[in-house]
Structure formats: structure tokens, C-alpha cells
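Chemist: Submitted below is the structure of interest, expressed as C-alpha cells.
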Amino acid sequence: MSTAYELDRKHVFHSWSAQAEITPMVIAAARGSYVWDDEDRRYLDFSSQLVFTNIGHQHPRVVAAIKEQAERLCTVAPQFANEQRAQAAELIAGIAPDGFEKVFFTNGGADANEHAIRMARLHTGRFKVLSAYRSYHGGTQTAINVTGDPRRWANDTATAGTVHFFGPFLYRSEFHASTEEEECERALAHLRRTIEAEGPATIAAIILETIPGTAGIFAPPPGYLAGVRELCDQHGIVMILDEVMAGFGRAGSWLALDLYDVVPDLITFAKGVNSGYVPLGGVVIRDPIAATFDHTPYPGGLTYSGHPLACAAAVATIHAMRDEGIVDNAARLGREVFGPGLAEIASRHACVGEVRGVGAFWALDLVVDQGTRELLPPAGLNDVVAACKAGGLLPFANTNRIHVVPPCTMSDDEAREGLAILDEALKAGDVHAA
């Protein structure tokens with residue numbers, strides 16, 4: 001047993017865990033699409049850690065940019081201007097739709113959502129925020145309350161001004177729909193009635209993940225986000241799109257919203273903006289909301305907002321993604337490798353109920369019975385995860401699902417290597433399926 005493991009178990013308090021019941025893997029090194037544990041076993045990283053190493057591990061251009069910035073200026077307080085922060089803001093604003101010129105930097109995705117909601121409340125003078133049950137927006141106070149994931153339950157005080165509704169998800173429809181068109185129409189009708197019942201004039205914002213990630217990677221049906229935009233416009237509600245997981249190449253586009261021809265009022269980001277090399281998140285602010293604070297101070301800030309090491313990593317990451325065609329590679333992987341490869345795998349396994357995704361952003365919905373769609377129990381999922389690791393694959397697992405979310409830089413050969421390991425591992429799930 002390594003010293004790192006022993007020290008971790010003695011001193012480190014892990015998130016979302018019963019401390020005495022976990023045995024965390026020690027990651028000792030990483031490069032490209034692979035990580036190595038403390039016994040020098042190599043694993044293909046199909047998780048991108050927590051879906052953030054979009055440019056892979058140890059990208060040399062980004063590592064060099066962090067080193068160079070550290071030698072010049074390690075840190076600076078947010079009230080000062082700084083070259084790396086300014087350049088990062090310019091690049092991020094350029095990725096957003098027209099009419100987004102300002103970026104507020106945070107330390108990660110949760111506080112990006114916190115501040116987006118605060119901006120919406122101050123801009124509208126309203127307090128309520130609507131969000132979907134199948135969602136995850138972060139672990140801080142407001143972010144966990146707008147989250148729909150069951151991790152919210154232990155933190156939900158019912159006093160945070162949040163109201164939940166069901167978004168569209170045809171495979172597990174709440175609306176008895178049989179087509180995407182029906183699902184879209186009925187989900188929008190449900191949202192409309194929720195707004196009416198809550199009182200439109202009390203609602204500051206609707207926050208949605210453009211493509212829900214942790215909750216299951218299910219893209220919204222055509223027309224849904226446009227319908228939400230229309231409802232927001234009708235009632236003066238701010239539309240916030242959470243691009244923390246789906247953005248910066250993950251969905252095969254710079255932002256997932258690019259796939260849907262929709263323009264929100266606030267865009268939150270983190271993770272892939274610099275592949276998590278140094279913590280960074282933020283809010284891209286549409287001009288009318290930014291103008292609210294032209295002569296009225298914005299009542300919020302963070303000591304490390306726009307940290308120069310993090311922003312240097314973001315600048316290098318965005319340039320690398322452009323120069324190396326990383327976004328296009330993610331789109332091509334989804335179209336040519338993951339889409340057909342996962343469909344073929346699904347055809348061989350009784351435990352796979354549905355495969356869905358885009359780009360380098362896929363999920364396998366694992367079931368006991370393909371007819372009833374009953375969720376594969378935790379024991380079955382644990383068996384699949386263990387088989388993946390035994391085969392040299394590091395998966396992302398949640399509830400009853402395996403998510404295929406590797407670096408967007410992954411090669412075809414690496415992707416097929418991972419799919420072959422996953423194919424074999426799913427036999428452990430088939431044991432639990434009808």
C-alpha cells in the first residue's frame with residue numbers, strides 16, 4: 001500500500017462519500033488519454049476525470065504556458081487588470097454568440113452558476129429560479145438547490161427560491177410521449193404551466209444544462225430550447241445555459257448551444273475551458289445584463305477570480321483546440337467511432353437499454369429488462385465498473401449508467417481500444433439482466 005494512499009485515508013476528506021467506505025485509486029501520472037496508478041498500471045481514461053480533461057492529460061502547450069506564467073506572475077488580485085485574464089476573456093467572449101462581450105471569472109462551475117443566478121435576480125428584481133429535476137449544477141448552496149440530482153436532497157432547505165420541473169427525456173418520458181415531437185411539445189406545455197402556476201412575475205431565471213451531463217447525457221429534442229427561449233422572452237425571464245460539462249468541444253462544437261440555434265442571456269462554463277489544469281470557471285454575460293452593472297456595483301466577487309495561472313491555461317487551451325482541430329476531432333469521433341461502435345455493442349448486450357450522445361459525450365443506460373427499462377441495480381453497475389478497471393479502462397459511472405466521455409483529443413485506435421474493453425465488461429451487467 002502506497003504512502004500516498006495511507007496519507008489520503010488518514011487526512012483527506014472526500015466529497016460525496018462515506019469516508020470509511022471508500023478505497024480511492026491513487027493516480028500517480030497521466031499523459032494524453034492514459035493515467036497510471038501507483039503500481040504503474042495503465043488505464044485508458046474514458047472519464048476525462050470528471051469530464052474536464054478535454055485536451056487530454058499533460059498537453060505540452062498548456063503545461064508550458066502555466067510554467068511561463070508562473071515565472072512571470074503567479075497571482076494577482078482581481079481588482080487589477082492582467083494580460084492573461086484579458087486575453088482569456090476576449091477568447092471566451094469570441095466563442096459565445098454575438099452580443100456577449102463580458103466575462104466574469106469564478107473558480108469553477110458551481111460558483112459560476114451561483115453568480116449567474118445572482119446576476120439574473122439583480123437584473124430582474126425577482127427571486128425564484130426554475131430548473132430541471134434531471135440536472136446537476138454544482139455543490140454550493142444555490143447551485144445544489146437548483147440541482148435536480150438526488151444529491152440535492154440532504155442539502156435542500158426548501159428556502160432557496162428554487163422550483164423544479166421535468167425536462168424532456170424521451171427514453172424515460174414523464175409525459176407518456178412516443179416521439180421526440182410529442183416529448184418536446186408536452187415538456188414545453190408542462191414548463192408553461194409551471195411558470196403560470198408559480199407566477200411569471202416572480203421568476204428571475206430558468207437554468208438548464210444545454211445537454212444534461214451527470215444526469216444522463218440526453219440531448220434536448222429539436223425545438224425545446226427555442227421553446228424555452230420563447231417562454232423566457234414572453235415573461236421577462238433570464239435564460240441561463242449551463243455549459244460547464246457540455247462546452248468547449250465536449251459535444252463536438254465549441255459550445256453545445258451552437259447545435260441548437262439558441263441564444264441565452266447568461267452562459268456558465270468551467271471544466272473544458274482549460275481542461276481543469278488550474279481551476280477556472282465563469283459567466284459569459286449578454287450585453288443588456290452586463291449594462292445593469294455599468295453604474296451599479298455588482299455585489300459579488302472571489303479572491304482568485306481570473307487567476308493568471310488559470311487564465312494562461314485557458315488561453316493556451318483555446319489556441320491548442322483551434323490549431324489542432326480538437327473540436328472537429330470530437331465531432332468526428334462521435335460520428336464515426338462512438339456512435340456506430342456503441343450501437344454495435346448495444347446490440348450484443350441485454351443490459352444496454354439505450355445508447356445516446358454526441359461528440360465525445362455518450363451514455364449507456366443500463367437496465368435489468370429492455371422492455372420495462374428497469375434500472376440496473378448498483379451491484380450490477382459495480383460489477384461492470386470493476387470489469388472495466390480490470391481490463392485497463394477508467395470509466396465514468398453514475399446511477400445505472402456508464403458514460404463514455406474521453407478526452408476530445410483521443411485517437412480512433414484509442415477509442416476502439418476502450419470500446420473493446422467496455423464490450424467485454426458489459427458481460428458482467430448481462431448477468432443481472434433478463
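Letters A, B, ... mark the chains of the C-alpha cells in the order given; residue numbers begin at 1 per chain; ligand numbers begin at 1, in order shown.
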Name the residues in contact with A:Leu130 at a cut-off of 12 Å, using only C-alpha atoms, excluding same-chain residues fewer than 6 positions from it; report them as a PyMOL selection string.
Modeler: chain A and resi 117+120+142-143+145-148+160-167+191-192+194-195+198-200+202-208+228+232+237-240
Chemist: Using only C-alpha atoms, please write the residues we just selected to a file, as a PDB file, in the first residue's frame.
Modeler:
```pdb
ATOM      1  CA  ILE A 117     -28.332  33.293 -10.712  1.00  0.00           C
ATOM      2  CA  ALA A 120     -30.385  37.275 -13.008  1.00  0.00           C
ATOM      3  CA  THR A 142     -27.762  27.875  -4.549  1.00  0.00           C
ATOM      4  CA  ALA A 143     -26.228  25.541  -7.139  1.00  0.00           C
ATOM      5  CA  ASN A 145     -30.676  23.687  -4.661  1.00  0.00           C
ATOM      6  CA  VAL A 146     -31.231  24.240  -8.382  1.00  0.00           C
ATOM      7  CA  THR A 147     -29.724  20.802  -8.991  1.00  0.00           C
ATOM      8  CA  GLY A 148     -32.303  18.075  -9.531  1.00  0.00           C
ATOM      9  CA  ALA A 160     -33.579  28.814  -1.652  1.00  0.00           C
ATOM     10  CA  GLY A 161     -36.232  30.176  -4.019  1.00  0.00           C
ATOM     11  CA  THR A 162     -35.912  27.254  -6.416  1.00  0.00           C
ATOM     12  CA  VAL A 163     -38.671  25.362  -8.233  1.00  0.00           C
ATOM     13  CA  HIS A 164     -38.135  22.188 -10.250  1.00  0.00           C
ATOM     14  CA  PHE A 165     -39.847  20.889 -13.371  1.00  0.00           C
ATOM     15  CA  PHE A 166     -39.420  17.892 -15.664  1.00  0.00           C
ATOM     16  CA  GLY A 167     -37.397  18.476 -18.803  1.00  0.00           C
ATOM     17  CA  LEU A 191     -42.965  24.163 -18.250  1.00  0.00           C
ATOM     18  CA  ARG A 192     -45.514  26.737 -19.375  1.00  0.00           C
ATOM     19  CA  THR A 194     -45.254  25.576 -14.084  1.00  0.00           C
ATOM     20  CA  ILE A 195     -44.457  29.195 -14.926  1.00  0.00           C
ATOM     21  CA  GLU A 198     -45.630  29.904  -9.889  1.00  0.00           C
ATOM     22  CA  GLY A 199     -46.410  33.389 -11.183  1.00  0.00           C
ATOM     23  CA  PRO A 200     -44.322  34.647 -14.123  1.00  0.00           C
ATOM     24  CA  THR A 202     -41.858  36.090  -9.508  1.00  0.00           C
ATOM     25  CA  ILE A 203     -39.381  34.169 -11.692  1.00  0.00           C
ATOM     26  CA  ALA A 204     -35.902  35.572 -12.259  1.00  0.00           C
ATOM     27  CA  ALA A 205     -34.393  32.774 -14.336  1.00  0.00           C
ATOM     28  CA  ILE A 206     -34.666  29.357 -15.860  1.00  0.00           C
ATOM     29  CA  ILE A 207     -31.364  27.461 -15.713  1.00  0.00           C
ATOM     30  CA  LEU A 208     -30.753  24.415 -17.885  1.00  0.00           C
ATOM     31  CA  VAL A 228     -37.820  27.765 -23.538  1.00  0.00           C
ATOM     32  CA  CYS A 232     -38.454  33.459 -21.216  1.00  0.00           C
ATOM     33  CA  ILE A 237     -37.267  35.663 -17.506  1.00  0.00           C
ATOM     34  CA  VAL A 238     -33.484  35.323 -17.827  1.00  0.00           C
ATOM     35  CA  MET A 239     -32.396  32.159 -19.650  1.00  0.00           C
ATOM     36  CA  ILE A 240     -29.194  30.612 -18.260  1.00  0.00           C
TER      37      ILE A 240
END
```
Chemist: Write down as a ChimeraX atom specification the residues of stretch 132-292 of chain A whose backbone DSSP state falls under strand (DSSP E).
Modeler: /A:132,162-165,203-209,238-242,266-269,281-286
Chemist: Just checking: using only C-alpha atoms, which residue out of A:Val315, A:Ala420, A:Val51, A:Ala187 ends up closest to A:Ala397?
Modeler: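 Closest residue, counting only C-alpha atoms: A:Val51.
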Chemist: List every residue of stretch 173-281 of chain A that has an atom at most 10 Å from any atom of stretch 75-95 of chain A, and for each one report the closest atom pair and its distance in Å to one decimal, counting only C-alpha atoms, with rows sorted by chain and then by increasing residue number, as a tab-separated table.
Modeler:
```
residue	atom	partner	partner_atom	distance
A:Phe248	CA	A:Ile95	CA	9.0
A:Trp254	CA	A:Ile95	CA	6.8
A:Leu255	CA	A:Ile95	CA	7.6
A:Asp258	CA	A:Ile95	CA	9.7
A:Phe269	CA	A:Ile92	CA	9.6
A:Val273	CA	A:Ile92	CA	8.4
```
Chemist: Select, from A:Glu243, A:Asp265, A:Asp365, A:Asp38, the residue with the minimum atom-to-atom distance to A:Gly429, counting only C-alpha atoms.
Modeler: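 Of all the options, A:Asp365 lies closest to A:Gly429.
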Chemist: Would you mind writing down, as a ChimeraX atom specification, each residue of stretch 183-267 of chain A that DSSP on the backbone assigns to helix (DSSP H, G or I)?
Modeler: /A:183-198,200-202,224-235,256-259
Chemist: May I ask which of the residues A:Gly109, A:Gly300, A:Met119, A:Arg356 is the closest one to A:Val244, counting only C-alpha atoms?
Modeler: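 Among A:Gly109, A:Gly300, A:Met119, A:Arg356, it is A:Gly109 that comes nearest to A:Val244.
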Chemist: Go through A:Ala28, A:Leu375, A:Leu280, A:Ala197 and flag the residue nearest A:Pro308, using only C-alpha atoms for the distances.
Modeler: A:Leu280
Chemist: Kindly give the distance, in Å, that separates atom CA of A:Ala256 and atom CA of A:Ile211, rounded to a single decimal.
Modeler: 7.0 Å
Chemist: What lies within 10 Å of A:Pro60 using only C-alpha atoms, ignoring chain neighbours under 2 positions off, as a VMD selection string?
Modeler: chain A and resid 31 to 32 57 to 58 62 to 66 316 320
Chemist: Go ahead and dump the residues you just picked, N, CA and C atoms, as an mmCIF file, in the first residue's frame.
Modeler:
```
data_model
loop_
_atom_site.group_PDB
_atom_site.id
_atom_site.type_symbol
_atom_site.label_atom_id
_atom_site.label_comp_id
_atom_site.auth_asym_id
_atom_site.auth_seq_id
_atom_site.Cartn_x
_atom_site.Cartn_y
_atom_site.Cartn_z
ATOM 1 N N ARG A 31 -0.800 11.035 -19.113
ATOM 2 C CA ARG A 31 -0.359 11.666 -20.351
ATOM 3 C C ARG A 31 -1.343 11.302 -21.456
ATOM 4 N N GLY A 32 -1.757 12.300 -22.203
ATOM 5 C CA GLY A 32 -2.664 12.057 -23.313
ATOM 6 C C GLY A 32 -3.975 11.476 -22.833
ATOM 7 N N HIS A 57 -4.458 14.693 -20.949
ATOM 8 C CA HIS A 57 -3.575 14.956 -19.815
ATOM 9 C C HIS A 57 -2.222 15.498 -20.282
ATOM 10 N N GLN A 58 -1.709 16.468 -19.540
ATOM 11 C CA GLN A 58 -0.342 16.986 -19.717
ATOM 12 C C GLN A 58 -0.089 17.524 -21.127
ATOM 13 N N VAL A 62 -0.062 23.647 -22.947
ATOM 14 C CA VAL A 62 -0.718 24.223 -21.774
ATOM 15 C C VAL A 62 0.206 24.165 -20.559
ATOM 16 N N VAL A 63 0.901 23.053 -20.401
ATOM 17 C CA VAL A 63 1.870 22.949 -19.308
ATOM 18 C C VAL A 63 2.930 24.039 -19.446
ATOM 19 N N ALA A 64 3.398 24.265 -20.667
ATOM 20 C CA ALA A 64 4.417 25.296 -20.902
ATOM 21 C C ALA A 64 3.872 26.681 -20.585
ATOM 22 N N ALA A 65 2.609 26.936 -20.939
ATOM 23 C CA ALA A 65 2.005 28.245 -20.671
ATOM 24 C C ALA A 65 1.882 28.500 -19.175
ATOM 25 N N ILE A 66 1.534 27.471 -18.415
ATOM 26 C CA ILE A 66 1.438 27.619 -16.954
ATOM 27 C C ILE A 66 2.815 27.909 -16.367
ATOM 28 N N ALA A 316 -3.977 29.112 -23.597
ATOM 29 C CA ALA A 316 -3.234 28.066 -24.296
ATOM 30 C C ALA A 316 -4.156 26.943 -24.752
ATOM 31 N N ALA A 320 -4.750 25.863 -28.579
ATOM 32 C CA ALA A 320 -4.426 24.480 -28.961
ATOM 33 C C ALA A 320 -5.631 23.801 -29.609
#
```
Chemist: Separation of atom CA of A:Ala350 and atom CA of A:Leu364, in Å?
Modeler: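 Distance reported for this atom pair: 12.0 Å.
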Chemist: Please measure the separation of atom CA of A:Gly216 and atom CA of A:Glu354, giving the value in Å to one decimal.
Modeler: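 Rounded to one decimal, the two atoms are 10.9 Å apart.
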Chemist: If you count only C-alpha atoms, which residues fall within 7 Å of A:Val327, apart from same-chain ones fewer than 3 positions away, as a PyMOL selection string?
Modeler: chain A and resi 249+252-254+321+330-331
Chemist: So which residues touch stretch 39-44 of chain A within 12 Å, counting only C-alpha atoms, skipping near sequence neighbours fewer than 4 positions away, as a ChimeraX atom specification?
Modeler: /A:1-5,25-35,48-49,56-57,388-396,404-407,410-411,413-422
Chemist: List the neighbours of A:Ala219 out to 9 Å using only C-alpha atoms; skip same-chain residues closer than 4 positions along the sequence, and give me the result as number ranges by chain.
Modeler: A: 168-169, 210-212, 356-358
Chemist: Fewer than 5 positions away in the same chain doesn't count, so skip those; otherwise give me all residues within 9 Å of A:Gly281, counting only C-alpha atoms, as a compact mmCIF listing (two decimals) with N, CA and C atoms, in the first residue's frame.
Modeler:
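This is the output file out-v5.txt:
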```
# COMPACT_ATOMS: atom_id res chain seq x y z
N PHE A 104 -17.29 37.18 -16.45
CA PHE A 104 -16.98 37.22 -15.02
C PHE A 104 -16.36 35.88 -14.65
N PHE A 105 -15.14 35.91 -14.13
CA PHE A 105 -14.43 34.68 -13.84
C PHE A 105 -14.69 34.20 -12.42
N THR A 106 -14.83 32.88 -12.28
CA THR A 106 -15.01 32.22 -10.99
C THR A 106 -13.96 31.12 -10.86
N ASN A 107 -14.04 30.37 -9.78
CA ASN A 107 -13.08 29.29 -9.55
C ASN A 107 -13.53 27.97 -10.14
N GLY A 108 -14.80 27.85 -10.53
CA GLY A 108 -15.30 26.60 -11.08
C GLY A 108 -16.75 26.75 -11.51
N GLY A 109 -17.37 25.62 -11.84
CA GLY A 109 -18.71 25.64 -12.39
C GLY A 109 -19.80 25.96 -11.39
N ALA A 110 -19.67 25.46 -10.16
CA ALA A 110 -20.71 25.70 -9.17
C ALA A 110 -20.85 27.19 -8.88
N ASP A 111 -19.71 27.86 -8.64
CA ASP A 111 -19.82 29.28 -8.34
C ASP A 111 -20.13 30.10 -9.58
N ALA A 112 -19.86 29.57 -10.76
CA ALA A 112 -20.33 30.24 -11.98
C ALA A 112 -21.86 30.27 -12.00
N VAL A 244 -21.04 24.01 -18.42
CA VAL A 244 -19.87 23.60 -17.65
C VAL A 244 -19.32 22.27 -18.16
N THR A 268 -22.80 29.77 -18.48
CA THR A 268 -21.79 29.40 -17.49
C THR A 268 -20.86 28.34 -18.07
N PHE A 269 -19.60 28.39 -17.62
CA PHE A 269 -18.59 27.47 -18.15
C PHE A 269 -17.58 27.15 -17.05
N ALA A 270 -16.80 26.10 -17.29
CA ALA A 270 -15.67 25.70 -16.43
C ALA A 270 -14.99 24.54 -17.14
N LYS A 271 -14.58 23.53 -16.40
CA LYS A 271 -14.05 22.26 -16.91
C LYS A 271 -13.19 22.43 -18.16
N VAL A 273 -12.72 24.58 -20.39
CA VAL A 273 -12.11 25.86 -20.79
C VAL A 273 -10.59 25.81 -20.68
N SER A 305 -10.60 35.30 -8.64
CA SER A 305 -11.31 35.50 -9.90
C SER A 305 -10.33 35.85 -11.02
N GLY A 306 -10.33 35.04 -12.06
CA GLY A 306 -9.43 35.28 -13.18
C GLY A 306 -7.97 35.09 -12.81
```
Chemist: Just checking: using only C-alpha atoms, which residue out of A:Leu122, A:Ile402, A:Val283, A:Ala116 ends up closest to A:Ala215?
Modeler: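 Looking only at the distances to A:Ala215, the closest residue turns out to be A:Ile402.
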